[in-house]
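Asker: File my_file35.txt follows (compact mmCIF, N, CA and C atoms):
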# COMPACT_ATOMS: atom_id res chain seq x y z
N MET A 222 45.84 98.67 40.51
CA MET A 222 47.03 98.44 39.71
C MET A 222 46.81 99.10 38.35
N TYR A 223 47.79 99.81 37.91
CA TYR A 223 47.70 100.49 36.62
C TYR A 223 47.90 99.51 35.47
N ARG A 224 47.32 99.84 34.35
CA ARG A 224 47.45 99.01 33.15
C ARG A 224 48.91 98.81 32.78
N ASP A 225 49.74 99.87 32.89
CA ASP A 225 51.16 99.79 32.54
C ASP A 225 51.92 98.81 33.42
N GLU A 226 51.51 98.69 34.70
CA GLU A 226 52.20 97.78 35.60
C GLU A 226 52.01 96.33 35.16
N LYS A 227 50.88 96.02 34.57
CA LYS A 227 50.65 94.67 34.08
C LYS A 227 51.51 94.39 32.86
N MET A 228 51.73 95.40 32.04
CA MET A 228 52.48 95.22 30.80
C MET A 228 53.99 95.31 31.01
N PHE A 229 54.42 96.08 32.00
CA PHE A 229 55.84 96.32 32.22
C PHE A 229 56.22 95.95 33.66
N PRO A 230 56.60 94.71 33.88
CA PRO A 230 56.92 94.29 35.26
C PRO A 230 58.11 95.05 35.85
N ASN A 231 58.99 95.60 35.01
CA ASN A 231 60.14 96.32 35.56
C ASN A 231 59.70 97.54 36.36
N ARG A 232 58.59 98.18 36.00
CA ARG A 232 58.08 99.31 36.79
C ARG A 232 57.63 98.84 38.17
N ARG A 233 57.00 97.70 38.20
CA ARG A 233 56.55 97.13 39.48
C ARG A 233 57.74 96.82 40.36
N VAL A 234 58.77 96.20 39.78
CA VAL A 234 59.97 95.85 40.55
C VAL A 234 60.71 97.12 40.98
N GLN A 235 60.79 98.12 40.12
CA GLN A 235 61.45 99.37 40.49
C GLN A 235 60.74 100.03 41.68
N GLY A 236 59.47 99.79 41.83
CA GLY A 236 58.73 100.30 42.97
C GLY A 236 59.09 99.62 44.28
N MET A 237 59.83 98.51 44.21
CA MET A 237 60.25 97.78 45.41
C MET A 237 61.64 98.21 45.90
N VAL A 238 62.29 99.12 45.21
CA VAL A 238 63.63 99.57 45.61
C VAL A 238 63.55 100.11 47.03
N GLY A 239 64.49 99.65 47.85
CA GLY A 239 64.54 100.06 49.26
C GLY A 239 63.80 99.11 50.18
N ARG A 240 63.11 98.12 49.62
CA ARG A 240 62.35 97.16 50.42
C ARG A 240 63.07 95.82 50.48
N GLN A 241 62.74 95.05 51.49
CA GLN A 241 63.26 93.70 51.65
C GLN A 241 62.52 92.79 50.67
N ILE A 242 63.27 92.00 49.88
CA ILE A 242 62.64 91.10 48.91
C ILE A 242 63.18 89.68 49.06
N HIS A 243 62.45 88.77 48.48
CA HIS A 243 62.76 87.34 48.46
C HIS A 243 62.90 86.98 46.97
N VAL A 244 64.03 86.38 46.58
CA VAL A 244 64.31 86.10 45.17
C VAL A 244 64.62 84.62 44.97
N GLU A 245 63.91 83.99 44.03
CA GLU A 245 64.21 82.62 43.64
C GLU A 245 64.91 82.65 42.29
N MET A 246 65.98 81.84 42.16
CA MET A 246 66.79 81.80 40.95
C MET A 246 66.59 80.48 40.22
N LYS A 247 66.88 80.47 38.92
CA LYS A 247 66.81 79.24 38.12
C LYS A 247 67.78 78.21 38.69
N GLY A 248 67.32 76.98 38.76
CA GLY A 248 68.19 75.86 39.12
C GLY A 248 68.74 75.89 40.53
N GLU A 249 68.22 76.72 41.39
CA GLU A 249 68.72 76.81 42.76
C GLU A 249 67.71 76.21 43.73
N ARG A 250 68.20 75.53 44.72
CA ARG A 250 67.32 75.02 45.76
C ARG A 250 67.12 76.05 46.87
N CYS A 251 68.05 76.96 46.96
CA CYS A 251 67.96 78.00 47.97
C CYS A 251 67.42 79.28 47.35
N VAL A 252 67.04 80.19 48.20
CA VAL A 252 66.57 81.49 47.75
C VAL A 252 67.43 82.57 48.40
N LEU A 253 67.34 83.77 47.89
CA LEU A 253 68.08 84.89 48.46
C LEU A 253 67.10 85.90 49.01
N GLU A 254 67.48 86.52 50.11
CA GLU A 254 66.71 87.62 50.68
C GLU A 254 67.65 88.78 50.89
N GLY A 255 67.16 89.97 50.66
CA GLY A 255 67.97 91.16 50.87
C GLY A 255 67.18 92.40 50.55
N ILE A 256 67.84 93.54 50.70
CA ILE A 256 67.21 94.82 50.40
C ILE A 256 67.52 95.17 48.95
N LEU A 257 66.48 95.41 48.17
CA LEU A 257 66.66 95.76 46.76
C LEU A 257 67.22 97.18 46.67
N SER A 258 68.48 97.28 46.23
CA SER A 258 69.14 98.58 46.12
C SER A 258 68.86 99.24 44.79
N SER A 259 68.87 98.44 43.71
CA SER A 259 68.60 98.99 42.39
C SER A 259 68.20 97.87 41.43
N VAL A 260 67.59 98.30 40.31
CA VAL A 260 67.16 97.38 39.27
C VAL A 260 67.25 98.13 37.94
N ASP A 261 67.60 97.41 36.86
CA ASP A 261 67.68 98.06 35.55
C ASP A 261 66.59 97.52 34.63
N ASP A 262 66.61 97.95 33.38
CA ASP A 262 65.58 97.56 32.42
C ASP A 262 65.60 96.07 32.08
N TYR A 263 66.73 95.39 32.34
CA TYR A 263 66.83 93.94 32.09
C TYR A 263 66.47 93.13 33.33
N LEU A 264 66.02 93.82 34.37
CA LEU A 264 65.69 93.23 35.67
C LEU A 264 66.90 92.60 36.36
N ASN A 265 68.10 93.12 36.06
CA ASN A 265 69.27 92.79 36.87
C ASN A 265 69.04 93.46 38.21
N LEU A 266 69.33 92.73 39.29
CA LEU A 266 69.04 93.23 40.62
C LEU A 266 70.31 93.44 41.42
N HIS A 267 70.36 94.49 42.21
CA HIS A 267 71.43 94.68 43.18
C HIS A 267 70.80 94.61 44.55
N LEU A 268 71.22 93.59 45.33
CA LEU A 268 70.72 93.41 46.69
C LEU A 268 71.81 93.78 47.68
N SER A 269 71.44 94.49 48.72
CA SER A 269 72.38 94.73 49.82
C SER A 269 71.89 93.92 51.02
N SER A 270 72.79 93.64 51.93
CA SER A 270 72.48 92.83 53.12
C SER A 270 71.82 91.51 52.72
N ALA A 271 72.30 90.92 51.64
CA ALA A 271 71.71 89.68 51.13
C ALA A 271 72.15 88.47 51.95
N SER A 272 71.26 87.51 52.04
CA SER A 272 71.59 86.25 52.69
C SER A 272 70.96 85.11 51.91
N GLU A 273 71.57 83.95 52.04
CA GLU A 273 71.11 82.74 51.37
C GLU A 273 70.23 81.95 52.33
N ILE A 274 69.04 81.57 51.86
CA ILE A 274 68.10 80.82 52.68
C ILE A 274 67.92 79.45 52.05
N GLN A 275 68.10 78.41 52.87
CA GLN A 275 67.91 77.05 52.37
C GLN A 275 67.08 76.28 53.39
N ASN A 276 66.01 75.64 52.92
CA ASN A 276 65.08 74.91 53.78
C ASN A 276 64.56 75.77 54.92
N GLY A 277 64.31 77.03 54.62
CA GLY A 277 63.75 77.94 55.62
C GLY A 277 64.75 78.48 56.62
N GLU A 278 66.03 78.11 56.51
CA GLU A 278 67.05 78.57 57.44
C GLU A 278 68.07 79.44 56.74
N ARG A 279 68.52 80.47 57.42
CA ARG A 279 69.54 81.36 56.89
C ARG A 279 70.88 80.61 56.91
N LYS A 280 71.43 80.33 55.70
CA LYS A 280 72.67 79.57 55.60
C LYS A 280 73.91 80.44 55.75
N ARG A 281 73.93 81.56 55.00
CA ARG A 281 75.10 82.43 55.08
C ARG A 281 74.75 83.84 54.64
N LEU A 282 75.49 84.79 55.17
CA LEU A 282 75.34 86.18 54.79
C LEU A 282 76.23 86.46 53.60
N LEU A 283 75.69 87.11 52.58
CA LEU A 283 76.44 87.37 51.35
C LEU A 283 76.83 88.84 51.21
N GLY A 284 76.11 89.72 51.86
CA GLY A 284 76.39 91.15 51.74
C GLY A 284 75.79 91.72 50.46
N SER A 285 76.61 92.41 49.66
CA SER A 285 76.15 93.03 48.42
C SER A 285 76.25 92.03 47.27
N VAL A 286 75.13 91.87 46.53
CA VAL A 286 75.06 90.86 45.47
C VAL A 286 74.38 91.46 44.24
N VAL A 287 74.89 91.13 43.05
CA VAL A 287 74.25 91.51 41.80
C VAL A 287 73.73 90.22 41.15
N LEU A 288 72.43 90.21 40.80
CA LEU A 288 71.80 89.04 40.20
C LEU A 288 71.43 89.35 38.76
N ARG A 289 71.80 88.47 37.86
CA ARG A 289 71.47 88.67 36.44
C ARG A 289 69.99 88.39 36.22
N GLY A 290 69.32 89.32 35.57
CA GLY A 290 67.87 89.26 35.42
C GLY A 290 67.34 88.01 34.76
N ASN A 291 68.04 87.46 33.76
CA ASN A 291 67.49 86.29 33.07
C ASN A 291 67.60 85.01 33.90
N ASN A 292 68.24 85.07 35.07
CA ASN A 292 68.30 83.91 35.97
C ASN A 292 67.30 84.00 37.11
N VAL A 293 66.57 85.10 37.18
CA VAL A 293 65.59 85.30 38.25
C VAL A 293 64.26 84.68 37.83
N VAL A 294 63.70 83.85 38.71
CA VAL A 294 62.42 83.20 38.45
C VAL A 294 61.29 83.95 39.16
N LEU A 295 61.54 84.38 40.41
CA LEU A 295 60.48 84.98 41.23
C LEU A 295 61.07 86.09 42.09
N ILE A 296 60.37 87.21 42.15
CA ILE A 296 60.71 88.32 43.05
C ILE A 296 59.47 88.57 43.90
N ASN A 297 59.63 88.48 45.21
CA ASN A 297 58.50 88.62 46.09
C ASN A 297 58.84 89.62 47.20
N PRO A 298 58.07 90.72 47.34
CA PRO A 298 58.35 91.65 48.44
C PRO A 298 57.99 90.98 49.76
N MET A 299 58.78 91.26 50.79
CA MET A 299 58.52 90.68 52.11
C MET A 299 57.72 91.68 52.93
N LYS A 300 56.97 91.19 53.87
CA LYS A 300 56.18 92.06 54.74
C LYS A 300 57.12 92.86 55.63
N GLU A 301 56.75 94.12 55.83
CA GLU A 301 57.59 94.99 56.64
C GLU A 301 57.08 95.08 58.05
Kindly return the structure encoded in the file as structure tokens.
Answerer:
Amino acid sequence: MYRDEKMFPNRRVQGMVGRQIHVEMKGERCVLEGILSSVDDYLNLHLSSASEIQNGERKRLLGSVVLRGNNVVLINPMKE
């Protein structure tokens, strides 16, 4: 891991574009999963093929979703 990746998490997240990710949001009991389409400097995320996961089960398909960066708690790449 490069020194810059530790200091600038947005570079690390930008490296996940095109991959399936798992996102936890503030104050939510459910999580979102989808393909990271894009990310900006504020860590706002655009997910495609997004779905809502609650208690380990897929609750509903959301399609294309934009998530505001300051509401994101955790971004985790999923195994391919």
Asker: Please give the centre and size of the box around range 275-293 of chain A (axis-aligned, containing every atom listed in the file, 6 Å added per side), with values in Å to one decimal and written as AutoDock Vina command-line options.
Answerer:
--center_x 70.3 --center_y 84.0 --center_z 45.3 --size_x 25.1 --size_y 30.1 --size_z 36.4
Asker: Just want the 6.5 Å neighbourhood of range 280-289 of chain A, counted on all atoms listed in the file, with same-chain residues fewer than 5 positions away dropped. Output as a PyMOL selection string.
Answerer: chain A and resi 264-275
Asker: In Å to one decimal, how far is atom C of Ser259 in chain A from CA of Lys247 in chain A?
Answerer: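 Distance reported for this atom pair: 19.0 Å.
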Asker: What is the CA of Gly239 in chain A-CA of Leu257 in chain A distance in Å, reported with one decimal?
Answerer: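 Straight-line distance from CA of Gly239 in chain A to CA of Leu257 in chain A works out to 5.4 Å.
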Asker: Would you please extract all strand (DSSP E) residues from chain A, as assigned by DSSP on the backbone, and give them as a ChimeraX atom specification?
Answerer: /A:241-246,252-260,266-275,278-288,293-298
Asker: CA of Asn276 in chain A and CA of Val260 in chain A, how far apart in Å?
Answerer: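 Computed distance, CA of Val260 in chain A to CA of Asn276 in chain A, equals 26.8 Å.
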Asker: Restricting the calculation to only N, CA and C atoms: of A:Asn231, A:Gly277, A:Ile256, A:Met246, which residue gets closest to Val293 in chain A?
Answerer: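 Using only N, CA and C atoms, Val293 in chain A sits closest to A:Met246.
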Asker: Under the rule that all atoms listed in the file are counted, which of A:Tyr263, A:Pro230, A:Asn292, A:Asn297 is the nearest residue to Ile242 in chain A?
Answerer: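 Residue with the minimum atom-to-atom distance to Ile242 in chain A: A:Asn297.
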Asker: Could you pull out the residues in chain A that DSSP calls helix (DSSP H, G or I) from the backbone, as a PyMOL selection string?
Answerer: chain A and resi 224-228+230-235+290-292
